[in-house]
$ cat upload18.cif   # mmCIF, C-alpha atoms
data_coords
#
loop_
_atom_site.group_PDB
_atom_site.id
_atom_site.type_symbol
_atom_site.label_atom_id
_atom_site.label_comp_id
_atom_site.auth_asym_id
_atom_site.auth_seq_id
_atom_site.Cartn_x
_atom_site.Cartn_y
_atom_site.Cartn_z
ATOM 1 C CA MET A 1 -19.395 36.987 -4.411
ATOM 2 C CA SER A 2 -22.500 35.422 -5.865
ATOM 3 C CA PHE A 3 -22.649 37.782 -8.851
ATOM 4 C CA LEU A 4 -19.339 36.400 -10.135
ATOM 5 C CA ARG A 5 -20.506 33.230 -11.829
ATOM 6 C CA ARG A 6 -20.278 31.403 -15.116
ATOM 7 C CA ARG A 7 -23.278 31.700 -17.385
ATOM 8 C CA SER A 8 -24.637 28.576 -19.018
ATOM 9 C CA ALA A 9 -26.485 29.382 -22.219
ATOM 10 C CA ALA A 10 -26.971 26.970 -25.104
ATOM 11 C CA THR A 11 -25.593 29.423 -27.657
ATOM 12 C CA PRO A 12 -23.845 32.340 -25.965
ATOM 13 C CA ALA A 13 -23.897 35.558 -27.964
ATOM 14 C CA GLY A 14 -20.943 36.953 -26.036
ATOM 15 C CA PRO A 15 -18.705 35.841 -23.199
ATOM 16 C CA ASP A 16 -19.829 32.921 -21.053
ATOM 17 C CA PHE A 17 -18.780 34.789 -17.922
ATOM 18 C CA ASP A 18 -19.911 37.978 -16.237
ATOM 19 C CA VAL A 19 -17.827 41.015 -17.148
ATOM 20 C CA LEU A 20 -16.887 43.075 -14.127
ATOM 21 C CA ALA A 21 -16.303 46.738 -15.002
ATOM 22 C CA MET A 22 -17.699 50.232 -14.519
ATOM 23 C CA ASP A 23 -21.173 50.787 -15.902
ATOM 24 C CA PRO A 24 -20.925 52.803 -19.142
ATOM 25 C CA GLY A 25 -23.797 54.981 -17.916
ATOM 26 C CA ASP A 26 -21.651 56.046 -14.954
ATOM 27 C CA TRP A 27 -18.739 57.097 -17.185
ATOM 28 C CA PRO A 28 -18.797 60.565 -18.765
ATOM 29 C CA GLY A 29 -16.609 59.693 -21.787
ATOM 30 C CA ASN A 30 -16.662 57.267 -24.701
ATOM 31 C CA LEU A 31 -16.662 53.499 -24.165
ATOM 32 C CA GLY A 32 -15.438 50.762 -26.476
ATOM 33 C CA ALA A 33 -15.537 47.012 -25.880
ATOM 34 C CA GLY A 34 -13.509 44.258 -27.472
ATOM 35 C CA LEU A 35 -13.913 40.478 -27.366
ATOM 36 C CA LEU A 36 -10.948 38.123 -27.701
ATOM 37 C CA PRO A 37 -12.165 35.182 -29.807
ATOM 38 C CA ALA A 38 -10.651 31.700 -29.786
ATOM 39 C CA PRO A 39 -10.455 29.640 -33.002
ATOM 40 C CA ASP A 40 -13.483 27.618 -31.842
ATOM 41 C CA GLY A 41 -15.580 30.799 -31.505
ATOM 42 C CA SER A 42 -15.548 30.902 -27.709
ATOM 43 C CA CYS A 43 -14.715 34.119 -25.901
ATOM 44 C CA GLN A 44 -11.238 34.210 -24.359
ATOM 45 C CA GLY A 45 -11.681 37.591 -22.733
ATOM 46 C CA VAL A 46 -13.314 41.002 -22.794
ATOM 47 C CA PHE A 47 -11.666 44.375 -22.481
ATOM 48 C CA LEU A 48 -13.348 47.755 -22.159
ATOM 49 C CA ARG A 49 -11.736 51.049 -23.183
ATOM 50 C CA TYR A 50 -12.887 54.098 -21.246
ATOM 51 C CA ASP A 51 -12.030 57.360 -23.017
ATOM 52 C CA LEU A 52 -12.158 60.591 -21.046
ATOM 53 C CA PHE A 53 -9.935 62.487 -23.430
ATOM 54 C CA GLY A 54 -12.525 63.142 -26.149
ATOM 55 C CA GLY A 55 -11.166 60.778 -28.776
ATOM 56 C CA ARG A 56 -7.494 61.417 -28.034
ATOM 57 C CA GLY A 57 -6.980 58.033 -26.405
ATOM 58 C CA PRO A 58 -8.323 55.982 -23.540
ATOM 59 C CA ALA A 59 -7.902 56.923 -19.907
ATOM 60 C CA MET A 60 -8.439 53.354 -18.724
ATOM 61 C CA ILE A 61 -8.732 49.779 -19.954
ATOM 62 C CA ILE A 62 -10.390 47.076 -17.854
ATOM 63 C CA GLY A 63 -9.869 43.482 -18.939
ATOM 64 C CA ASN A 64 -11.665 40.309 -17.882
ATOM 65 C CA LEU A 65 -9.718 37.188 -18.897
ATOM 66 C CA PRO A 66 -10.975 33.701 -17.959
ATOM 67 C CA GLU A 67 -8.731 30.784 -17.018
ATOM 68 C CA GLY A 68 -6.989 29.381 -20.079
ATOM 69 C CA SER A 69 -7.028 32.652 -22.015
ATOM 70 C CA PRO A 70 -3.765 33.014 -23.934
ATOM 71 C CA ALA A 71 -3.803 36.767 -23.175
ATOM 72 C CA ARG A 72 -3.092 35.882 -19.514
ATOM 73 C CA GLU A 73 0.227 34.277 -20.461
ATOM 74 C CA THR A 74 3.057 36.771 -19.970
ATOM 75 C CA GLU A 75 6.800 36.290 -19.808
ATOM 76 C CA GLU A 76 8.840 37.700 -16.930
ATOM 77 C CA GLY A 77 8.978 41.493 -17.216
ATOM 78 C CA GLN A 78 6.296 41.565 -19.949
ATOM 79 C CA VAL A 79 3.374 43.941 -19.399
ATOM 80 C CA PRO A 80 -0.181 42.611 -19.039
ATOM 81 C CA PHE A 81 -2.366 42.476 -22.160
ATOM 82 C CA GLU A 82 -4.388 45.510 -21.024
ATOM 83 C CA VAL A 83 -1.275 47.665 -20.623
ATOM 84 C CA ALA A 84 -0.162 46.673 -24.127
ATOM 85 C CA GLN A 85 -3.614 47.610 -25.466
ATOM 86 C CA LEU A 86 -3.471 50.956 -23.662
ATOM 87 C CA LEU A 87 -0.050 51.733 -25.128
ATOM 88 C CA LEU A 88 -1.228 50.702 -28.597
ATOM 89 C CA ALA A 89 -4.332 52.920 -28.361
ATOM 90 C CA LEU A 90 -2.197 55.840 -27.211
ATOM 91 C CA GLU A 91 0.240 55.193 -30.083
ATOM 92 C CA ASN A 92 3.030 54.987 -27.517
ATOM 93 C CA ASP A 93 5.733 52.689 -28.875
ATOM 94 C CA GLU A 94 8.277 53.249 -26.091
ATOM 95 C CA PRO A 95 9.339 49.969 -24.462
ATOM 96 C CA VAL A 96 7.618 49.402 -21.115
ATOM 97 C CA GLU A 97 8.478 46.642 -18.651
ATOM 98 C CA VAL A 98 7.188 45.352 -15.331
ATOM 99 C CA THR A 99 9.597 46.406 -12.600
ATOM 100 C CA GLY A 100 7.835 44.811 -9.624
ATOM 101 C CA THR A 101 4.572 43.818 -7.964
ATOM 102 C CA GLU A 102 2.989 44.415 -4.590
ATOM 103 C CA ASP A 103 -0.006 42.583 -3.082
ATOM 104 C CA MET A 104 -2.406 44.603 -0.978
ATOM 105 C CA PRO A 105 -5.820 43.899 0.615
ATOM 106 C CA VAL A 106 -8.759 46.009 -0.536
ATOM 107 C CA MET A 107 -12.381 45.852 0.622
ATOM 108 C CA GLN A 108 -15.112 45.793 -2.031
ATOM 109 C CA GLY A 109 -18.345 45.990 -0.064
ATOM 110 C CA ASP A 110 -18.216 42.987 2.278
ATOM 111 C CA ASN A 111 -15.636 41.184 0.155
ATOM 112 C CA LEU A 112 -11.871 41.238 0.569
ATOM 113 C CA LEU A 113 -9.831 41.436 -2.632
ATOM 114 C CA ILE A 114 -6.123 40.750 -2.812
ATOM 115 C CA VAL A 115 -5.026 43.295 -5.402
ATOM 116 C CA ARG A 116 -1.668 43.087 -7.165
ATOM 117 C CA ARG A 117 -0.250 46.506 -7.952
ATOM 118 C CA ILE A 118 2.018 46.134 -10.950
ATOM 119 C CA LYS A 119 4.867 48.616 -11.059
ATOM 120 C CA LEU A 120 5.929 49.611 -14.577
ATOM 121 C CA SER A 121 8.903 51.400 -16.091
ATOM 122 C CA GLU A 122 6.432 53.981 -17.515
ATOM 123 C CA SER A 123 5.344 55.954 -14.435
ATOM 124 C CA ARG A 124 2.277 57.458 -16.139
ATOM 125 C CA ILE A 125 0.619 54.008 -16.258
ATOM 126 C CA SER A 126 -1.074 52.570 -13.176
ATOM 127 C CA CYS A 127 -1.960 48.876 -13.273
ATOM 128 C CA VAL A 128 -3.682 46.511 -10.836
ATOM 129 C CA GLN A 129 -4.956 42.936 -11.073
ATOM 130 C CA PHE A 130 -7.152 40.689 -8.978
ATOM 131 C CA ASP A 131 -8.630 37.217 -9.351
ATOM 132 C CA ARG A 132 -12.375 36.729 -9.090
ATOM 133 C CA SER A 133 -14.047 33.764 -7.419
ATOM 134 C CA ASP A 134 -14.918 32.305 -10.858
ATOM 135 C CA GLY A 135 -11.297 32.282 -12.049
ATOM 136 C CA VAL A 136 -11.532 35.404 -14.213
ATOM 137 C CA LEU A 137 -8.549 37.745 -13.936
ATOM 138 C CA VAL A 138 -9.487 41.439 -13.852
ATOM 139 C CA THR A 139 -6.782 43.890 -14.903
ATOM 140 C CA ILE A 140 -7.157 47.664 -14.772
ATOM 141 C CA ALA A 141 -4.646 49.816 -16.648
ATOM 142 C CA SER A 142 -4.927 53.584 -16.353
ATOM 143 C CA TRP A 143 -3.070 56.352 -18.187
ATOM 144 C CA ASP A 144 -1.946 59.367 -16.194
ATOM 145 C CA ARG A 145 -4.419 58.656 -13.358
ATOM 146 C CA PRO A 146 -3.684 56.766 -10.152
ATOM 147 C CA ILE A 147 -5.927 53.816 -9.338
ATOM 148 C CA THR A 148 -7.401 54.404 -5.893
ATOM 149 C CA ASP A 149 -9.449 52.126 -3.636
ATOM 150 C CA ASP A 150 -12.553 54.154 -4.569
ATOM 151 C CA LEU A 151 -12.462 52.632 -8.056
ATOM 152 C CA TYR A 152 -13.243 49.142 -6.736
ATOM 153 C CA THR A 153 -16.616 50.331 -5.400
ATOM 154 C CA LEU A 154 -17.589 51.342 -8.965
ATOM 155 C CA LEU A 155 -16.964 47.866 -10.399
ATOM 156 C CA LYS A 156 -20.049 45.769 -11.081
ATOM 157 C CA PRO A 157 -21.117 43.048 -13.521
ATOM 158 C CA LEU A 158 -22.306 44.501 -16.816
ATOM 159 C CA PRO A 159 -25.489 43.166 -18.461
ATOM 160 C CA ALA A 160 -24.930 40.374 -21.012
ATOM 161 C CA GLU A 161 -26.950 42.353 -23.589
ATOM 162 C CA LEU A 162 -24.035 44.784 -23.852
ATOM 163 C CA PHE A 163 -21.978 42.062 -25.553
ATOM 164 C CA GLN A 164 -24.587 40.421 -27.782
ATOM 165 C CA GLN A 165 -24.036 40.535 -31.498
ATOM 166 C CA GLY A 166 -26.895 41.893 -33.394
#

$ encode --input "upload18.cif" --output "structure tokens"
Amino acid sequence: MSFLRRRSAATPAGPDFDVLAMDPGDWPGNLGAGLLPAPDGSCQGVFLRYDLFGGRGPAMIIGNLPEGSPARETEEGQVPFEVAQLLLALENDEPVEVTGTEDMPVMQGDNLLIVRRIKLSESRISCVQFDRSDGVLVTIASWDRPITDDLYTLLKPLPAELFQQG
């Protein structure tokens, strides 16, 4: 997976890693992006909110968290960061827990991904995770929509300009 690499810029304006997600131009709804800053100013992760519901909440959140990101640290039974963000955006304050996981192989082009399906106590949330070759953890959390293998073919690295401050 040659497109999954660390960037090396003298003064990065955004994350120092490629963000793997769906191209905003391919998505018919609203898109929001958030950066997780560390105290030293480095980027500890990027999450993208895809809203198909016309401002009534996101349909999907895709997170990209590099190794060492505190958002990757979860206790047993605790939901991933992206699921928590989805629940917060939907103003859903019901307690949700992880009830199990299942690993499954998925082809993305010529590459084999080992995808972890995370089973949650809230059945309207679908969640999957996979590790990229550069150590970035990708998590997809979807509200009221199953995550199918077709979604993985839509994932691609987004241009760095999308995350530059300006």

$ atom_distance --input "upload18.cif" --atom1 "atom CA of Val79 of chain A" --atom2 "atom CA of Gln129 of chain A"
11.8 Å

$ closest_atom_pairs --input "upload18.cif" --of "segment 77-165 of chain A" --to "segment 20-39 of chain A" --cutoff "8 Å" --atoms "all atoms listed in the file" --output "tab-separated table"
residue	atom	partner	partner_atom	distance
A:Val138	CA	A:Leu20	CA	7.6
A:Leu154	CA	A:Met22	CA	5.7
A:Leu155	CA	A:Ala21	CA	4.8
A:Lys156	CA	A:Leu20	CA	5.2
A:Pro157	CA	A:Leu20	CA	4.3
A:Leu158	CA	A:Leu20	CA	6.2

$ closest_residue --input "upload18.cif" --among "A:Asp16, A:Asp150, A:Asp134, A:Glu75" --to "Met107 of chain A" --atoms "all atoms listed in the file"
A:Asp150

$ closest_residue --input "upload18.cif" --among "A:Glu102, A:Asp144, A:Asp149, A:Glu67" --to "Leu87 of chain A" --atoms "only C-alpha atoms"
A:Asp144

$ residues_around --input "upload18.cif" --residues "Leu113 of chain A" --least-positions-apart "3" --cutoff "9 Å" --atoms "only C-alpha atoms" --output "list in words"
Met104, Pro105, Val106, Met107, Gln108, Phe130, Asp131 and Arg132 of chain A

$ atom_distance --input "upload18.cif" --atom1 "atom CA of Met60 of chain A" --atom2 "atom CA of Thr148 of chain A"
12.9 Å

$ resolve_selection --input "upload18.cif" --expression "the PyMOL selection byres ((chain A and resi 146) around 12)" --output "PyMOL selection string"
chain A and resi 59-60+117+119+123-128+140-145+147-151

$ closest_residue --input "upload18.cif" --among "A:Asp18, A:Ala89, A:Ile62, A:Thr153" --to "Asp110 of chain A" --atoms "all atoms listed in the file"
A:Thr153

$ axis_aligned_box --input "upload18.cif" --around "segment 61-71 of chain A" --padding-each-side "8 Å" --output "JSON"
{"center_x": -7.7, "center_y": 39.6, "center_z": -20.5, "size_x": 23.9, "size_y": 36.4, "size_z": 22.9}

$ closest_residue --input "upload18.cif" --among "A:Ser69, A:Asn111, A:Gln85, A:Ser121" --to "Val98 of chain A" --atoms "all atoms listed in the file"
A:Ser121

$ residues_around --input "upload18.cif" --residues "segment 40-44 of chain A" --least-positions-apart "3" --cutoff "12 Å" --atoms "all atoms listed in the file" --output "JSON, numbers by chain"
{"A": [11, 12, 13, 14, 15, 16, 17, 18, 19, 34, 35, 36, 37, 47, 63, 64, 65, 66, 67, 68, 69, 70, 71, 72, 136, 137, 163, 164]}
